[in-house]
Amino acid sequence: MTEPGCHHLIGVIDDDTGIRETLSEILADEGYEVLAAQDGRDALRQLRSEGAHKPCLILLDLMMPVMTGAQFYREQQADSSLKSIPICLLSADGDLASKAAELGVQFMAKPVRIEAVLDVVHRHCARHGGEASGLATGGD
């Protein structure tokens with residue numbers, strides 16, 4: 001179901017500029033607003049800024065400098081205002097499935113299929129205020 005107060009905003013947290021910009025452009029073309037961040041610390045700063053809307057979903061790279069995806073997730077879960085935002089890990093980490101299972105989040109192995117990313121996004125943040133189906137934890 002669409003998150004209460006959903007502003008059709010998707011978080012894209014990835015240190016790879018090309019991936020971050022490509023996902024941001026594709027999501028914008030699909031009618032979503034994007035909160036783009038180069039690492040977990042940058043994302044937390046943006047999410048905690050006054051008046052910031054909360055994303056319907058965060059697409060999170062696992063392996064990043066400054067603050068990894070796992071470190072971001074722990075910080076997010078410790079913050080009651082951010083805890084409810086769903087996460088989908090996007091990573092080329094060879095142990096992605098077990099790391100995602102440890103965190104209890106869904107995942108997609110890089111390189112990701114754009115159609116699969118859009119499917120996950122559409123299900124979490126219905127663009128027209130309709131209901132989005134629930135997602136099971138798992139890979140694509």
# chains A, B, ... in the order shown; residues from 1 in each chain; ligands from 1

call {"tool": "closest_atom_pairs", "arguments": {"of": "region 14-81 of chain A", "to": "region 92-112 of chain A", "cutoff": "10 Å", "atoms": "only C-alpha atoms", "output": "tab-separated table"}}
result
residue	atom	partner	partner_atom	distance
A:Ile19	CA	A:Pro111	CA	9.6
A:Leu59	CA	A:Phe107	CA	9.0
A:Leu60	CA	A:Phe107	CA	9.0
A:Asp61	CA	A:Ala92	CA	8.8
A:Leu62	CA	A:Asp93	CA	7.5
A:Met63	CA	A:Asp93	CA	7.5
A:Ala70	CA	A:Leu103	CA	7.8
A:Tyr73	CA	A:Leu103	CA	7.9
A:Arg74	CA	A:Leu103	CA	8.7

call {"tool": "residues_around", "arguments": {"residues": "Thr68 (chain A)", "least_positions_apart": "2", "cutoff": "12 Å", "atoms": "only C-alpha atoms", "output": "PyMOL selection string"}}
result
chain A and resi 13-15+38-44+60-66+70-75+89+91

call {"tool": "atom_distance", "arguments": {"atom1": "CA of Val12 (chain A)", "atom2": "CA of Ala36 (chain A)"}}
result
4.8 Å

call {"tool": "select_by_dssp", "arguments": {"residues": "region 8-85 of chain A", "states": "helix (DSSP H, G or I)", "output": "ChimeraX atom specification"}}
result
/A:17-29,40-47,69-78

call {"tool": "write_last_selection", "arguments": {"atoms": "N, CA and C atoms", "output": "PDB file, in the first residue's frame"}}
result
ATOM      1  N   THR A  17      28.293   7.784  -9.623  1.00  0.00           N
ATOM      2  CA  THR A  17      27.569   8.915 -10.207  1.00  0.00           C
ATOM      3  C   THR A  17      26.727   8.487 -11.401  1.00  0.00           C
ATOM      4  N   GLY A  18      27.269   7.642 -12.270  1.00  0.00           N
ATOM      5  CA  GLY A  18      26.533   7.199 -13.446  1.00  0.00           C
ATOM      6  C   GLY A  18      25.258   6.461 -13.098  1.00  0.00           C
ATOM      7  N   ILE A  19      25.350   5.546 -12.144  1.00  0.00           N
ATOM      8  CA  ILE A  19      24.167   4.788 -11.720  1.00  0.00           C
ATOM      9  C   ILE A  19      23.153   5.713 -11.060  1.00  0.00           C
ATOM     10  N   ARG A  20      23.646   6.563 -10.158  1.00  0.00           N
ATOM     11  CA  ARG A  20      22.753   7.481  -9.440  1.00  0.00           C
ATOM     12  C   ARG A  20      22.025   8.402 -10.418  1.00  0.00           C
ATOM     13  N   GLU A  21      22.749   8.981 -11.367  1.00  0.00           N
ATOM     14  CA  GLU A  21      22.125   9.903 -12.313  1.00  0.00           C
ATOM     15  C   GLU A  21      21.188   9.186 -13.278  1.00  0.00           C
ATOM     16  N   THR A  22      21.569   8.001 -13.728  1.00  0.00           N
ATOM     17  CA  THR A  22      20.713   7.247 -14.647  1.00  0.00           C
ATOM     18  C   THR A  22      19.403   6.858 -13.970  1.00  0.00           C
ATOM     19  N   LEU A  23      19.490   6.304 -12.761  1.00  0.00           N
ATOM     20  CA  LEU A  23      18.266   5.945 -12.040  1.00  0.00           C
ATOM     21  C   LEU A  23      17.409   7.183 -11.773  1.00  0.00           C
ATOM     22  N   SER A  24      18.049   8.282 -11.405  1.00  0.00           N
ATOM     23  CA  SER A  24      17.308   9.517 -11.133  1.00  0.00           C
ATOM     24  C   SER A  24      16.568  10.002 -12.370  1.00  0.00           C
ATOM     25  N   GLU A  25      17.237   9.970 -13.518  1.00  0.00           N
ATOM     26  CA  GLU A  25      16.596  10.414 -14.770  1.00  0.00           C
ATOM     27  C   GLU A  25      15.440   9.502 -15.155  1.00  0.00           C
ATOM     28  N   ILE A  26      15.630   8.211 -15.035  1.00  0.00           N
ATOM     29  CA  ILE A  26      14.565   7.261 -15.387  1.00  0.00           C
ATOM     30  C   ILE A  26      13.366   7.443 -14.466  1.00  0.00           C
ATOM     31  N   LEU A  27      13.618   7.586 -13.187  1.00  0.00           N
ATOM     32  CA  LEU A  27      12.523   7.782 -12.234  1.00  0.00           C
ATOM     33  C   LEU A  27      11.808   9.104 -12.487  1.00  0.00           C
ATOM     34  N   ALA A  28      12.553  10.153 -12.792  1.00  0.00           N
ATOM     35  CA  ALA A  28      11.937  11.446 -13.110  1.00  0.00           C
ATOM     36  C   ALA A  28      11.061  11.324 -14.356  1.00  0.00           C
ATOM     37  N   ASP A  29      11.534  10.594 -15.359  1.00  0.00           N
ATOM     38  CA  ASP A  29      10.740  10.370 -16.576  1.00  0.00           C
ATOM     39  C   ASP A  29       9.448   9.617 -16.270  1.00  0.00           C
ATOM     40  N   GLY A  40      25.614   7.230   2.450  1.00  0.00           N
ATOM     41  CA  GLY A  40      24.637   7.199   3.530  1.00  0.00           C
ATOM     42  C   GLY A  40      24.591   8.469   4.356  1.00  0.00           C
ATOM     43  N   ARG A  41      25.733   9.064   4.616  1.00  0.00           N
ATOM     44  CA  ARG A  41      25.764  10.291   5.432  1.00  0.00           C
ATOM     45  C   ARG A  41      25.045  11.430   4.706  1.00  0.00           C
ATOM     46  N   ASP A  42      25.314  11.570   3.410  1.00  0.00           N
ATOM     47  CA  ASP A  42      24.647  12.591   2.608  1.00  0.00           C
ATOM     48  C   ASP A  42      23.132  12.355   2.610  1.00  0.00           C
ATOM     49  N   ALA A  43      22.720  11.114   2.484  1.00  0.00           N
ATOM     50  CA  ALA A  43      21.288  10.789   2.490  1.00  0.00           C
ATOM     51  C   ALA A  43      20.643  11.140   3.829  1.00  0.00           C
ATOM     52  N   LEU A  44      21.290  10.781   4.928  1.00  0.00           N
ATOM     53  CA  LEU A  44      20.725  11.102   6.243  1.00  0.00           C
ATOM     54  C   LEU A  44      20.602  12.614   6.432  1.00  0.00           C
ATOM     55  N   ARG A  45      21.595  13.355   5.979  1.00  0.00           N
ATOM     56  CA  ARG A  45      21.539  14.817   6.088  1.00  0.00           C
ATOM     57  C   ARG A  45      20.314  15.344   5.338  1.00  0.00           C
ATOM     58  N   GLN A  46      20.100  14.850   4.127  1.00  0.00           N
ATOM     59  CA  GLN A  46      18.955  15.307   3.337  1.00  0.00           C
ATOM     60  C   GLN A  46      17.625  14.874   3.958  1.00  0.00           C
ATOM     61  N   LEU A  47      17.555  13.645   4.411  1.00  0.00           N
ATOM     62  CA  LEU A  47      16.315  13.126   4.990  1.00  0.00           C
ATOM     63  C   LEU A  47      15.942  13.824   6.289  1.00  0.00           C
ATOM     64  N   GLY A  69      25.924   1.100   2.928  1.00  0.00           N
ATOM     65  CA  GLY A  69      24.488   0.873   2.968  1.00  0.00           C
ATOM     66  C   GLY A  69      24.034   0.248   4.280  1.00  0.00           C
ATOM     67  N   ALA A  70      24.817  -0.700   4.799  1.00  0.00           N
ATOM     68  CA  ALA A  70      24.467  -1.341   6.075  1.00  0.00           C
ATOM     69  C   ALA A  70      24.525  -0.333   7.218  1.00  0.00           C
ATOM     70  N   GLN A  71      25.524   0.546   7.213  1.00  0.00           N
ATOM     71  CA  GLN A  71      25.614   1.575   8.252  1.00  0.00           C
ATOM     72  C   GLN A  71      24.440   2.546   8.144  1.00  0.00           C
ATOM     73  N   PHE A  72      24.093   2.935   6.912  1.00  0.00           N
ATOM     74  CA  PHE A  72      22.937   3.802   6.714  1.00  0.00           C
ATOM     75  C   PHE A  72      21.684   3.138   7.270  1.00  0.00           C
ATOM     76  N   TYR A  73      21.502   1.857   6.947  1.00  0.00           N
ATOM     77  CA  TYR A  73      20.306   1.137   7.391  1.00  0.00           C
ATOM     78  C   TYR A  73      20.205   1.127   8.922  1.00  0.00           C
ATOM     79  N   ARG A  74      21.314   0.876   9.605  1.00  0.00           N
ATOM     80  CA  ARG A  74      21.293   0.882  11.078  1.00  0.00           C
ATOM     81  C   ARG A  74      20.914   2.258  11.617  1.00  0.00           C
ATOM     82  N   GLU A  75      21.474   3.321  11.028  1.00  0.00           N
ATOM     83  CA  GLU A  75      21.122   4.695  11.436  1.00  0.00           C
ATOM     84  C   GLU A  75      19.651   4.984  11.153  1.00  0.00           C
ATOM     85  N   GLN A  76      19.179   4.554  10.000  1.00  0.00           N
ATOM     86  CA  GLN A  76      17.787   4.771   9.620  1.00  0.00           C
ATOM     87  C   GLN A  76      16.859   4.074  10.616  1.00  0.00           C
ATOM     88  N   GLN A  77      17.168   2.838  10.970  1.00  0.00           N
ATOM     89  CA  GLN A  77      16.322   2.079  11.888  1.00  0.00           C
ATOM     90  C   GLN A  77      16.324   2.658  13.300  1.00  0.00           C
ATOM     91  N   ALA A  78      17.367   3.376  13.659  1.00  0.00           N
ATOM     92  CA  ALA A  78      17.460   3.998  14.982  1.00  0.00           C
ATOM     93  C   ALA A  78      16.722   5.338  15.030  1.00  0.00           C
TER      94      ALA A  78
END

call {"tool": "residues_around", "arguments": {"residues": "Tyr32 (chain A)", "least_positions_apart": "4", "cutoff": "12 Å", "atoms": "only C-alpha atoms", "output": "VMD selection string"}}
result
chain A and resid 6 to 12 23 to 28 55 to 57 118 121 to 122 124 to 128
